[in-house]
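Structure file upload-v3.cif (mmCIF, C-alpha atoms and all ligand atoms) is printed below.
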```cif
data_work
#
loop_
_atom_site.label_atom_id
_atom_site.label_comp_id
_atom_site.auth_asym_id
_atom_site.auth_seq_id
_atom_site.Cartn_x
_atom_site.Cartn_y
_atom_site.Cartn_z
CA MET A 524 90.60 45.38 117.91
CA SER A 525 90.41 42.90 120.82
CA GLU A 526 93.44 40.93 121.98
CA THR A 527 92.15 37.80 120.23
CA GLY A 528 91.94 39.63 116.96
CA HIS A 529 88.20 39.05 116.70
CA GLY A 530 87.22 42.64 117.15
CA GLY A 531 85.96 43.66 113.76
CA SER A 532 87.95 42.37 110.81
CA THR A 533 86.17 39.73 108.78
CA ALA A 534 87.67 36.50 107.51
CA SER A 535 87.66 37.82 103.95
CA GLU A 536 89.88 40.73 105.00
CA THR A 537 92.64 38.45 106.28
CA ASN A 538 95.64 37.63 104.15
CA ALA A 539 95.12 33.87 103.94
CA VAL A 540 93.77 30.99 101.86
CA ARG A 541 91.20 32.47 99.51
CA THR A 542 90.93 30.40 96.34
CA PRO A 543 90.46 26.67 95.81
CA GLN A 544 93.92 26.52 94.14
CA GLU A 545 95.51 27.83 97.32
CA LYS A 546 93.72 25.20 99.38
CA GLY A 547 96.33 22.51 99.91
CA LEU A 548 99.06 25.17 99.64
CA ARG A 549 99.44 24.76 95.86
CA GLU A 550 101.89 27.32 94.44
CA VAL A 551 103.09 28.25 97.96
CA VAL A 552 106.88 28.06 98.24
CA ALA A 553 107.46 26.42 101.63
CA ALA A 554 111.26 26.07 101.44
CA GLN A 555 114.28 26.68 99.26
CA THR A 556 116.05 23.49 98.24
CA ARG A 557 119.05 22.34 96.25
CA LEU A 558 117.86 18.74 96.24
CA SER A 559 115.26 18.36 93.52
CA ASP A 560 113.20 20.36 91.09
CA ILE A 561 110.10 19.68 88.99
CA ASP A 562 108.76 21.24 85.80
CA GLY A 563 105.14 20.11 86.07
CA GLU A 564 104.04 21.51 82.70
CA ASN A 565 106.69 19.66 80.75
CA GLY A 566 107.01 16.56 82.94
CA ARG A 567 110.64 17.06 83.99
CA LEU A 568 112.41 16.14 87.24
CA TRP A 569 115.98 16.80 88.36
CA TYR A 570 117.98 15.80 91.43
CA ALA A 571 120.60 18.45 92.24
CA GLY A 572 120.43 19.58 88.63
CA TYR A 573 120.73 16.12 86.98
CA PRO A 574 117.78 14.92 84.85
CA ILE A 575 116.06 11.91 86.39
CA GLU A 576 116.39 10.03 83.09
CA ASP A 577 120.21 10.24 83.24
CA LEU A 578 120.34 9.18 86.88
CA ALA A 579 117.94 6.27 86.33
CA ALA A 580 119.98 5.04 83.38
CA ASN A 581 123.49 5.55 84.70
CA THR A 582 123.81 5.73 88.48
CA THR A 583 123.27 3.36 91.37
CA TYR A 584 120.95 4.26 94.24
CA GLU A 585 124.00 4.65 96.49
CA GLU A 586 125.35 7.34 94.14
CA VAL A 587 121.97 9.08 94.29
CA VAL A 588 122.05 8.98 98.10
CA HIS A 589 125.49 10.62 97.92
CA LEU A 590 124.20 13.19 95.43
CA LEU A 591 121.26 14.15 97.64
CA HIS A 592 123.34 14.36 100.80
CA ARG A 593 126.47 16.02 99.42
CA LEU A 594 125.00 17.69 96.34
CA ARG A 595 127.50 16.12 93.94
CA LEU A 596 128.04 12.73 92.40
CA PRO A 597 130.82 10.86 94.19
CA THR A 598 134.27 10.03 92.89
CA ARG A 599 135.12 6.32 92.91
CA ALA A 600 136.99 6.67 96.23
CA GLU A 601 134.16 8.67 97.81
CA LEU A 602 131.58 6.14 96.67
CA ASP A 603 133.64 3.23 98.02
CA SER A 604 133.87 4.70 101.51
CA PHE A 605 130.23 5.84 101.42
CA VAL A 606 129.05 2.34 100.44
CA GLU A 607 131.32 0.74 103.03
CA PHE A 608 129.76 2.87 105.77
CA MET A 609 126.24 2.04 104.58
CA ILE A 610 126.99 -1.70 104.50
CA GLU A 611 128.30 -1.54 108.08
CA GLN A 612 125.00 0.04 109.16
CA ARG A 613 122.64 -2.59 107.74
CA GLU A 614 122.25 -4.69 110.85
CA ALA A 615 119.07 -3.91 112.84
CA ASP A 616 119.52 -3.04 116.52
CA LYS A 617 118.90 -5.99 118.82
CA PHE A 618 115.94 -4.27 120.43
CA ILE A 619 114.19 -3.91 117.08
CA SER A 620 114.91 -7.51 116.10
CA ASP A 621 113.54 -8.56 119.51
CA VAL A 622 110.33 -6.60 119.11
CA MET A 623 109.88 -7.51 115.42
CA PRO A 624 107.96 -10.79 116.07
CA THR A 625 105.29 -8.77 117.89
CA LEU A 626 105.21 -6.10 115.19
CA ALA A 627 104.98 -8.80 112.50
CA GLN A 628 101.94 -10.23 114.25
CA GLN A 629 100.20 -7.04 115.30
CA THR A 630 100.79 -4.26 112.80
CA SER A 631 100.74 -3.30 109.14
CA PRO A 632 104.14 -2.90 107.41
CA MET A 633 103.91 0.91 107.42
CA SER A 634 103.07 1.00 111.13
CA MET A 635 105.99 -1.34 111.77
CA LEU A 636 108.31 0.97 109.84
CA ARG A 637 107.07 4.04 111.70
CA THR A 638 107.51 2.29 115.05
CA SER A 639 110.94 0.85 114.18
CA VAL A 640 112.34 4.17 113.00
CA SER A 641 111.05 5.84 116.14
CA ALA A 642 112.55 3.07 118.32
CA ALA A 643 115.86 3.21 116.42
CA SER A 644 116.46 6.71 117.82
CA ALA A 645 117.12 5.21 121.25
CA TYR A 646 119.88 2.97 119.84
CA ASP A 647 121.60 5.28 117.40
CA PRO A 648 125.32 5.40 118.30
CA ASP A 649 125.26 9.18 117.84
CA GLY A 650 122.57 9.52 120.51
CA TRP A 651 121.27 13.07 120.86
CA ASP A 652 124.28 14.60 119.09
CA SER A 653 122.73 16.93 116.53
CA SER A 654 125.91 18.17 114.85
CA PRO A 655 125.86 18.14 111.04
CA GLU A 656 128.31 15.22 111.03
CA ALA A 657 126.21 13.17 113.47
CA ASN A 658 123.08 13.95 111.47
CA GLU A 659 124.69 12.72 108.27
CA ARG A 660 125.60 9.44 109.99
CA LYS A 661 122.08 9.13 111.43
CA ALA A 662 120.65 9.74 107.98
CA LEU A 663 122.81 7.12 106.31
CA ARG A 664 122.03 4.63 109.07
CA LEU A 665 118.32 5.09 108.41
CA VAL A 666 118.82 4.68 104.66
CA ALA A 667 120.93 1.55 105.24
CA ARG A 668 118.87 -0.05 108.00
CA THR A 669 115.22 0.42 107.09
CA PRO A 670 115.33 -2.28 104.35
CA THR A 671 116.45 -4.68 107.07
CA PHE A 672 113.43 -3.80 109.23
CA LEU A 673 111.11 -4.46 106.33
CA ALA A 674 112.73 -7.75 105.32
CA GLN A 675 112.79 -9.01 108.92
CA TYR A 676 109.13 -8.13 109.32
CA HIS A 677 108.13 -9.97 106.16
CA ARG A 678 110.20 -13.07 106.95
CA LEU A 679 108.67 -13.32 110.42
CA ARG A 680 105.07 -12.81 109.36
CA THR A 681 105.46 -15.55 106.74
CA GLY A 682 106.99 -17.95 109.28
CA GLN A 683 110.50 -17.84 107.79
CA GLU A 684 113.91 -17.33 109.39
CA MET A 685 115.28 -13.79 109.27
CA VAL A 686 118.11 -13.39 106.76
CA ASP A 687 121.25 -11.46 107.74
CA PRO A 688 122.37 -8.64 105.42
CA HIS A 689 124.78 -9.70 102.66
CA ALA A 690 127.86 -7.47 102.75
CA LYS A 691 128.79 -8.19 99.13
CA LEU A 692 125.47 -7.05 97.68
CA ALA A 693 124.47 -3.51 96.76
CA HIS A 694 121.67 -1.76 98.66
CA ALA A 695 118.69 -2.82 96.49
CA ALA A 696 120.03 -6.31 95.76
CA ASN A 697 120.65 -6.90 99.46
CA PHE A 698 117.07 -5.92 100.24
CA LEU A 699 115.67 -8.47 97.77
CA TYR A 700 118.07 -11.06 99.19
CA MET A 701 116.97 -10.43 102.80
CA LEU A 702 113.33 -10.52 101.72
CA THR A 703 113.46 -13.76 99.73
CA GLY A 704 116.55 -15.54 101.09
CA VAL A 705 117.79 -15.90 97.50
CA GLU A 706 120.40 -13.75 95.72
CA PRO A 707 118.48 -11.91 92.97
CA SER A 708 119.55 -11.91 89.32
CA GLN A 709 121.57 -8.87 88.31
CA GLU A 710 118.67 -7.76 86.08
CA ASP A 711 116.11 -7.85 88.90
CA ALA A 712 118.53 -6.13 91.27
CA ASP A 713 119.13 -3.39 88.69
CA VAL A 714 115.39 -2.84 88.18
CA LEU A 715 114.79 -2.52 91.92
CA ASP A 716 117.79 -0.19 92.19
CA THR A 717 116.31 2.05 89.46
CA THR A 718 112.93 2.18 91.22
CA PHE A 719 114.75 3.25 94.40
CA THR A 720 116.41 6.06 92.43
CA LEU A 721 113.04 7.13 91.01
CA TYR A 722 111.46 7.23 94.47
CA ALA A 723 114.48 8.88 96.18
CA ASP A 724 113.22 12.47 96.27
CA HIS A 725 110.43 14.63 94.93
CA THR A 726 110.50 18.25 96.15
CA MET A 727 107.87 19.40 98.63
CA ASN A 728 105.47 16.45 98.69
CA ALA A 729 103.36 15.89 101.81
CA SER A 730 105.79 13.57 103.62
CA THR A 731 108.87 15.67 102.88
CA PHE A 732 107.04 18.80 104.01
CA THR A 733 106.06 16.96 107.20
CA ALA A 734 109.70 16.01 107.80
CA ARG A 735 110.82 19.61 107.25
CA ILE A 736 108.16 21.01 109.56
CA ILE A 737 109.29 18.68 112.33
CA ALA A 738 112.96 19.47 111.63
CA SER A 739 112.16 23.19 111.72
CA THR A 740 111.27 22.85 115.40
CA LEU A 741 114.80 21.41 115.83
CA ALA A 742 113.37 18.04 116.84
CA ASP A 743 115.76 15.19 116.04
CA MET A 744 116.25 13.33 112.74
CA HIS A 745 114.36 10.21 113.85
CA SER A 746 111.33 12.27 114.93
CA ALA A 747 111.22 14.02 111.56
CA ILE A 748 111.45 10.74 109.64
CA THR A 749 108.84 9.05 111.85
CA GLY A 750 106.44 11.87 110.93
CA ALA A 751 107.32 11.56 107.25
CA ILE A 752 106.48 7.84 107.28
CA ALA A 753 103.14 8.63 108.92
CA ALA A 754 102.35 11.16 106.17
CA LEU A 755 103.35 8.74 103.42
CA LYS A 756 100.97 6.11 104.76
CA GLY A 757 97.84 7.75 103.33
CA PRO A 758 96.34 6.48 100.06
CA LEU A 759 96.53 9.91 98.44
CA HIS A 760 100.32 9.87 98.80
CA GLY A 761 102.38 6.68 99.14
CA GLY A 762 99.51 4.25 99.50
CA ALA A 763 98.68 4.69 95.82
CA ASN A 764 101.05 1.99 94.46
CA GLU A 765 99.31 -0.65 96.60
CA GLU A 766 95.89 0.58 95.59
CA ALA A 767 96.97 0.57 91.93
CA MET A 768 98.03 -3.09 92.25
CA LYS A 769 94.71 -4.03 93.89
CA MET A 770 92.94 -2.29 91.02
CA LEU A 771 94.95 -4.24 88.41
CA GLU A 772 94.07 -7.48 90.21
CA GLU A 773 90.42 -6.52 90.34
CA ILE A 774 90.45 -5.79 86.59
CA GLY A 775 92.11 -9.13 85.90
CA SER A 776 92.52 -8.87 82.12
CA PRO A 777 93.25 -6.10 79.57
CA ASP A 778 89.82 -6.32 77.88
CA ARG A 779 88.10 -5.35 81.14
CA ALA A 780 90.22 -2.25 81.76
CA GLU A 781 88.17 0.32 79.87
CA ALA A 782 84.85 -0.64 81.49
CA HIS A 783 86.50 -0.62 84.90
CA VAL A 784 87.89 2.88 84.41
CA LYS A 785 84.52 4.16 83.16
CA ASP A 786 82.71 2.58 86.13
CA ARG A 787 85.12 4.08 88.62
CA LEU A 788 84.85 7.53 87.13
CA ALA A 789 81.05 7.26 87.02
CA ARG A 790 81.10 6.42 90.74
CA LYS A 791 83.41 9.46 91.26
CA GLU A 792 86.15 7.16 92.52
CA LYS A 793 89.83 7.92 91.96
CA ILE A 794 91.91 5.85 89.56
CA MET A 795 94.84 5.07 91.82
CA GLY A 796 98.27 5.89 90.45
CA PHE A 797 96.86 8.64 88.21
CA GLY A 798 96.84 12.40 88.47
CA HIS A 799 99.35 14.55 90.24
CA ALA A 800 99.38 17.72 92.25
CA VAL A 801 102.23 19.16 90.15
CA TYR A 802 102.58 17.29 86.83
CA ARG A 803 100.15 18.39 84.14
CA THR A 804 101.50 15.73 81.77
CA MET A 805 102.98 12.26 82.25
CA ASP A 806 105.18 11.95 85.34
CA PRO A 807 108.71 11.35 83.93
CA ARG A 808 109.20 8.57 86.49
CA ALA A 809 106.10 6.82 85.17
CA ARG A 810 107.57 6.91 81.66
CA ILE A 811 110.69 5.07 82.89
CA LEU A 812 108.66 2.65 85.02
CA LYS A 813 106.39 1.85 82.09
CA ARG A 814 109.42 0.66 80.13
CA LEU A 815 110.70 -1.29 83.14
CA SER A 816 107.27 -2.87 83.61
CA LYS A 817 107.31 -4.11 80.03
CA GLU A 818 110.91 -5.33 80.14
CA THR A 819 110.55 -7.01 83.54
CA GLY A 820 107.28 -8.62 82.46
CA GLU A 821 108.93 -9.96 79.28
CA ARG A 822 111.93 -11.27 81.20
CA HIS A 823 109.72 -13.06 83.74
CA GLY A 824 107.28 -14.32 81.08
CA ASP A 825 104.42 -12.45 82.78
CA LEU A 826 103.21 -9.51 80.68
CA ARG A 827 99.65 -9.61 81.99
CA TRP A 828 100.09 -6.78 84.50
CA TYR A 829 101.84 -4.56 81.99
CA GLU A 830 99.13 -5.19 79.42
CA ILE A 831 96.31 -4.40 81.87
CA SER A 832 98.20 -1.27 82.97
CA GLU A 833 98.59 -0.08 79.40
CA GLU A 834 94.85 -0.40 78.81
CA VAL A 835 94.05 1.43 82.07
CA GLU A 836 96.43 4.20 81.00
CA ARG A 837 94.75 4.48 77.61
CA ALA A 838 91.26 4.60 79.14
CA ALA A 839 92.15 7.08 81.92
CA LEU A 840 93.66 9.46 79.38
CA HIS A 841 90.73 9.11 77.00
CA GLU A 842 87.98 9.34 79.64
CA LYS A 843 89.35 12.09 81.89
CA GLY A 844 92.69 13.28 80.53
CA LEU A 845 94.50 11.60 83.43
CA ASN A 846 98.16 10.58 83.21
CA PRO A 847 99.89 7.92 85.32
CA ASN A 848 102.15 8.98 88.18
CA VAL A 849 105.14 7.16 89.69
CA ASP A 850 102.96 4.74 91.64
CA PHE A 851 101.06 3.26 88.71
CA TYR A 852 103.73 1.37 86.78
CA ALA A 853 105.74 0.79 89.98
CA ALA A 854 102.93 -1.55 91.04
CA SER A 855 103.32 -3.97 88.12
CA VAL A 856 107.14 -3.79 88.31
CA TYR A 857 107.15 -4.72 92.00
CA HIS A 858 104.50 -7.39 91.52
CA VAL A 859 106.51 -9.14 88.81
CA LEU A 860 109.62 -8.93 91.02
CA GLY A 861 107.63 -10.97 93.56
CA ILE A 862 107.08 -8.16 96.07
CA PRO A 863 103.85 -8.52 98.08
CA THR A 864 101.36 -5.69 97.50
CA ASP A 865 101.36 -4.46 101.10
CA LEU A 866 105.15 -3.95 100.97
CA MET A 867 104.95 -1.53 98.04
CA THR A 868 104.35 1.61 100.10
CA PRO A 869 106.99 0.66 102.70
CA ILE A 870 109.43 0.16 99.81
CA PHE A 871 108.59 3.67 98.62
CA ALA A 872 109.44 4.80 102.18
CA VAL A 873 112.70 2.86 102.21
CA ALA A 874 113.76 4.50 98.93
CA ARG A 875 112.50 7.98 99.93
CA MET A 876 114.61 7.73 103.08
CA ALA A 877 117.42 9.30 101.00
CA GLY A 878 115.38 12.41 100.15
CA TRP A 879 113.65 12.79 103.51
CA THR A 880 116.89 12.68 105.48
CA ALA A 881 118.61 15.05 103.04
CA HIS A 882 115.71 17.52 103.34
CA VAL A 883 115.88 17.34 107.14
CA ARG A 884 119.60 18.17 107.01
CA GLU A 885 118.97 20.98 104.54
CA GLN A 886 116.29 22.39 106.87
CA TYR A 887 118.64 22.25 109.89
CA ALA A 888 121.36 24.01 107.87
CA ASP A 889 119.25 27.12 107.26
CA ASN A 890 116.38 26.97 109.67
CA ARG A 891 113.44 29.08 110.63
CA ILE A 892 110.47 27.43 112.33
CA ILE A 893 107.73 26.73 109.76
CA ARG A 894 104.57 28.38 110.97
CA PRO A 895 101.97 29.15 108.30
CA SER A 896 98.76 31.04 108.90
CA SER A 897 95.18 29.84 108.80
CA GLU A 898 92.04 31.60 107.70
CA TYR A 899 89.41 31.66 110.43
CA ILE A 900 85.97 30.88 108.96
CA GLY A 901 83.98 30.23 112.16
CA PRO A 902 81.55 32.55 113.92
CA ARG A 903 82.83 35.73 115.57
CA ASP A 904 81.73 37.82 118.55
CA GLN A 905 80.35 34.84 120.49
CA VAL A 906 79.09 35.57 124.02
CA TRP A 907 79.99 33.16 126.83
CA VAL A 908 77.04 31.80 128.88
CA PRO A 909 77.17 29.63 132.05
CA ILE A 910 76.86 25.87 131.36
CA GLU A 911 73.44 25.68 133.06
CA GLU A 912 72.05 28.19 130.57
CA ARG A 913 73.35 26.57 127.36
CA GLY A 914 70.66 25.07 125.13
C1 LIG A 1001 97.54 13.04 93.42
C2 LIG A 1001 96.21 13.73 93.70
C3 LIG A 1001 95.91 13.67 95.21
C4 LIG A 1001 96.33 15.19 93.24
O1 LIG A 1001 95.15 15.82 93.61
P1 LIG A 1001 94.79 17.26 93.06
O2 LIG A 1001 95.99 18.12 93.03
O3 LIG A 1001 93.62 17.74 93.87
O4 LIG A 1001 94.34 16.91 91.57
P2 LIG A 1001 93.87 17.91 90.42
O5 LIG A 1001 93.58 19.26 90.99
O6 LIG A 1001 94.81 17.81 89.31
O7 LIG A 1001 92.48 17.23 89.98
C5 LIG A 1001 91.79 17.72 88.84
C6 LIG A 1001 90.58 16.87 88.57
O8 LIG A 1001 91.00 15.55 88.23
C7 LIG A 1001 90.42 14.63 89.12
N1 LIG A 1001 91.37 13.60 89.41
C8 LIG A 1001 92.65 13.79 89.78
N2 LIG A 1001 93.24 12.58 89.96
C9 LIG A 1001 92.30 11.66 89.67
C10 LIG A 1001 92.32 10.26 89.69
N3 LIG A 1001 93.41 9.58 90.03
N4 LIG A 1001 91.19 9.60 89.34
C11 LIG A 1001 90.06 10.28 89.00
N5 LIG A 1001 90.01 11.61 88.97
C12 LIG A 1001 91.11 12.30 89.32
C13 LIG A 1001 90.07 15.43 90.36
O9 LIG A 1001 89.05 14.80 91.12
C14 LIG A 1001 89.62 16.72 89.72
O10 LIG A 1001 88.36 16.49 89.17
P3 LIG A 1001 87.22 17.59 89.18
O11 LIG A 1001 87.82 18.78 88.47
O12 LIG A 1001 86.10 16.94 88.45
O13 LIG A 1001 86.93 17.84 90.63
C15 LIG A 1001 95.08 13.07 92.89
O14 LIG A 1001 95.40 13.08 91.53
C16 LIG A 1001 94.79 11.67 93.36
O15 LIG A 1001 94.09 11.47 94.34
N6 LIG A 1001 95.34 10.63 92.65
C17 LIG A 1001 95.13 9.27 93.02
C18 LIG A 1001 96.07 8.92 94.16
C19 LIG A 1001 97.50 8.82 93.69
O16 LIG A 1001 97.80 8.22 92.68
N7 LIG A 1001 98.41 9.41 94.49
C20 LIG A 1001 99.85 9.34 94.22
C21 LIG A 1001 100.40 10.68 93.89
S1 LIG A 1001 102.11 10.55 93.40
#
```
What do you get writing this file as structure tokens?
Ligand SMILES: CC(C)(COP(=O)(O)OP(=O)(O)OC[C@H]1O[C@@H](n2cnc3c(N)ncnc32)[C@H](O)[C@@H]1OP(=O)(O)O)[C@@H](O)C(=O)NCCC(=O)NCCS
Amino acid sequence: MSETGHGGSTASETNAVRTPQEKGLREVVAAQTRLSDIDGENGRLWYAGYPIEDLAANTTYEEVVHLLHRLRLPTRAELDSFVEFMIEQREADKFISDVMPTLAQQTSPMSMLRTSVSAASAYDPDGWDSSPEANERKALRLVARTPTFLAQYHRLRTGQEMVDPHAKLAHAANFLYMLTGVEPSQEDADVLDTTFTLYADHTMNASTFTARIIASTLADMHSAITGAIAALKGPLHGGANEEAMKMLEEIGSPDRAEAHVKDRLARKEKIMGFGHAVYRTMDPRARILKRLSKETGERHGDLRWYEISEEVERAALHEKGLNPNVDFYAASVYHVLGIPTDLMTPIFAVARMAGWTAHVREQYADNRIIRPSSEYIGPRDQVWVPIEERG
């Protein structure tokens, strides 16, 4: 065999991707984790062993951040000091606030977030310290600070004054406050908090895998999270909640849902917010968000989006056996809370910051560089010819 390995073996003899199921690394275990687990057949999700339904009903997002980073729910004293640290970290660095007017004018919210997180690395008080303690602080700073970036961006692009963080408000409530300039009702704050919990982690999805690959090279926390945001940007991953909202707006009323779904499927277009790489039944987060969509719609006197969503769900199941994923009912919840459609994916990112950073720390704690194989399917035994003789 030649040094390049092209001396005789054929692609089909190599030990690599062979079946369509394996394309996209389905079923491949890329890491061991204590953070979250999914039972795709039965539609179950756990964070550190706790069912998502219990966490959504009973814990705050801050407790979930603690759970993902320290693998146990906090005591009251632990939570108090954890929350105090996070509140102290909410202020954006001056450099980022200075550059935000340009970002608000020139870039999409996801590009802004990616750029701001990357820039924040230069201003992190822990600098290039990569000790476990420094990495926990960096992680919590990112969790605490990214909502500020997003709120500042939105205020500036809509010609409004930036709003300073409110030290008396919890994480999700403070975000709504900085976004709108008005303290949210407890009910709205609680709904947003629950959506943050639902988005906080989800095993080896594309963005988390990206973060772990970058971490496995021992690149720094901010680099890994910048890459994760880039991966989340695509419509097949995080972009789906925005696309789902655009679809609901295009449908416009419940009686048009079925025809719309049929048309889309006939055109071989995806129904955004439906289907999942792992769940073979309804995503358990979608079940919770469906209830929140109804309750939030009722409370705000605007059930239209819930009612259209319900009809789309019925049609998608009937026409192609498709179930909604987390992004589908999140769209109507966020819309009724007054969140602009193009902030829905960045909000997913802001909430997922908890899981991403925890996965990066888990990767650092037991690391081996991630380096999968590929299956070569191009021609072999090519013969080099001088450029003048190439046809
Ligand atoms: C999430 C997603 C990328 C998973 O892709 P996947 O693992 O390749 O999906 P599956 O293997 O289960 O697909 C099985 C079949 O259902 C179809 N399908 C899956 N999701 C669909 C959707 N949302 N709309 C229409 N058809 C869909 C596939 O095209 C495939 O059809 P085929 O057998 O006729 O080729 C895919 O469902 C999708 O693109 N969904 C829309 C985007 C979205 O909501 N993303 C957020 C995920 S949390």
Please compute the atom CA of Lys785 of chain A-atom O6 of ligand LIG 1001 (chain A) distance, one decimal, in Å.
18.2 Å
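Shown here are all protein and nucleic acid residues lying within 10 Å of (110.3, 1.5, 83.8), with only C-alpha atoms considered: Ala579, Val714, Thr717, Thr718, Leu721, Pro807, Arg808, Ala809, Arg810, Ile811, Leu812, Lys813, Arg814, Leu815, Ser816, Lys817, Glu818, Thr819, Val849, Tyr852, Ala853, Ser855 and Val856 of chain A.
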Quick one, how far is atom CA of His589 of chain A from atom CA of Gln709 of chain A?
22.1 Å
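In this comparison, which uses only C-alpha atoms, the residue of A:Leu826, A:Val859, A:Ala751, A:Ala729 approaching Leu548 of chain A most closely is A:Ala729.
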Name each residue within 7 Å of ligand LIG 1001 (chain A), counting only C-alpha atoms and all ligand atoms, as an MDAnalysis selection string.
chainID A and resid 758:761 763 788 792:801 845 848:850
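Taking atom CA of Ala690 of chain A and atom CA of Met876 of chain A as the two end points, the separation is 20.2 Å.
Closest approach to Ile575 of chain A among A:Ser653, A:Thr720, A:Ser641, A:Ser730 is made by A:Thr720 (distances from all atoms listed in the file).
Each of A:Arg894, A:His725, A:Arg557, A:His745 was checked against Ser644 of chain A using only C-alpha atoms; the smallest atom-to-atom distance is that of A:His745.
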Which residue gives the smallest distance to Ala872 of chain A among A:Thr740, A:Thr669, A:Ser897, A:Thr556, with only C-alpha atoms counted?
A:Thr669
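Of the listed residues (A:Asn697, A:Asp716, A:Asp724, A:Glu684), A:Asp716 comes nearest to Ala580 of chain A; the distances count all atoms listed in the file.
Candidate residues A:Glu586, A:Glu833, A:Asp687, A:Asp825 were compared for distance to His858 of chain A, and the nearest is A:Asp825, using all atoms listed in the file.
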Can you tell me which residues surround Glu585 of chain A at a distance of at most 10 Å, considering all atoms listed in the file, apart from same-chain residues fewer than 4 positions away, and format the answer as JSON, numbers by chain?
{"A": [589, 590, 591, 596, 597, 602, 603, 605, 606, 609, 666, 667, 693, 694, 695, 716, 719, 720, 877]}
Starting from the point (124.9, -3.0, 114.1), work out which residues of protein, DNA or RNA have an atom no more than 12 Å away when counting all atoms listed in the file; state them as number ranges by chain.
A: 608-620, 643, 646-648, 664-665, 667-668, 671, 687-688
Neighbour list for Gly750 of chain A as a short mmCIF file (atom, residue, chain, number, x, y, z; two decimals) with C-alpha atoms, keeping the file's coordinate frame, cut-off 9 Å, all atoms listed in the file, skip fewer than 3 positions in-chain:
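Heads up, here's the output in result.cif:
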```
data_model
loop_
_atom_site.label_atom_id
_atom_site.label_comp_id
_atom_site.auth_asym_id
_atom_site.auth_seq_id
_atom_site.Cartn_x
_atom_site.Cartn_y
_atom_site.Cartn_z
CA ARG A 637 107.07 4.04 111.70
CA SER A 730 105.79 13.57 103.62
CA THR A 733 106.06 16.96 107.20
CA ALA A 734 109.70 16.01 107.80
CA ILE A 737 109.29 18.68 112.33
CA HIS A 745 114.36 10.21 113.85
CA SER A 746 111.33 12.27 114.93
CA ALA A 747 111.22 14.02 111.56
CA ALA A 753 103.14 8.63 108.92
CA ALA A 754 102.35 11.16 106.17
CA LEU A 755 103.35 8.74 103.42
#
```
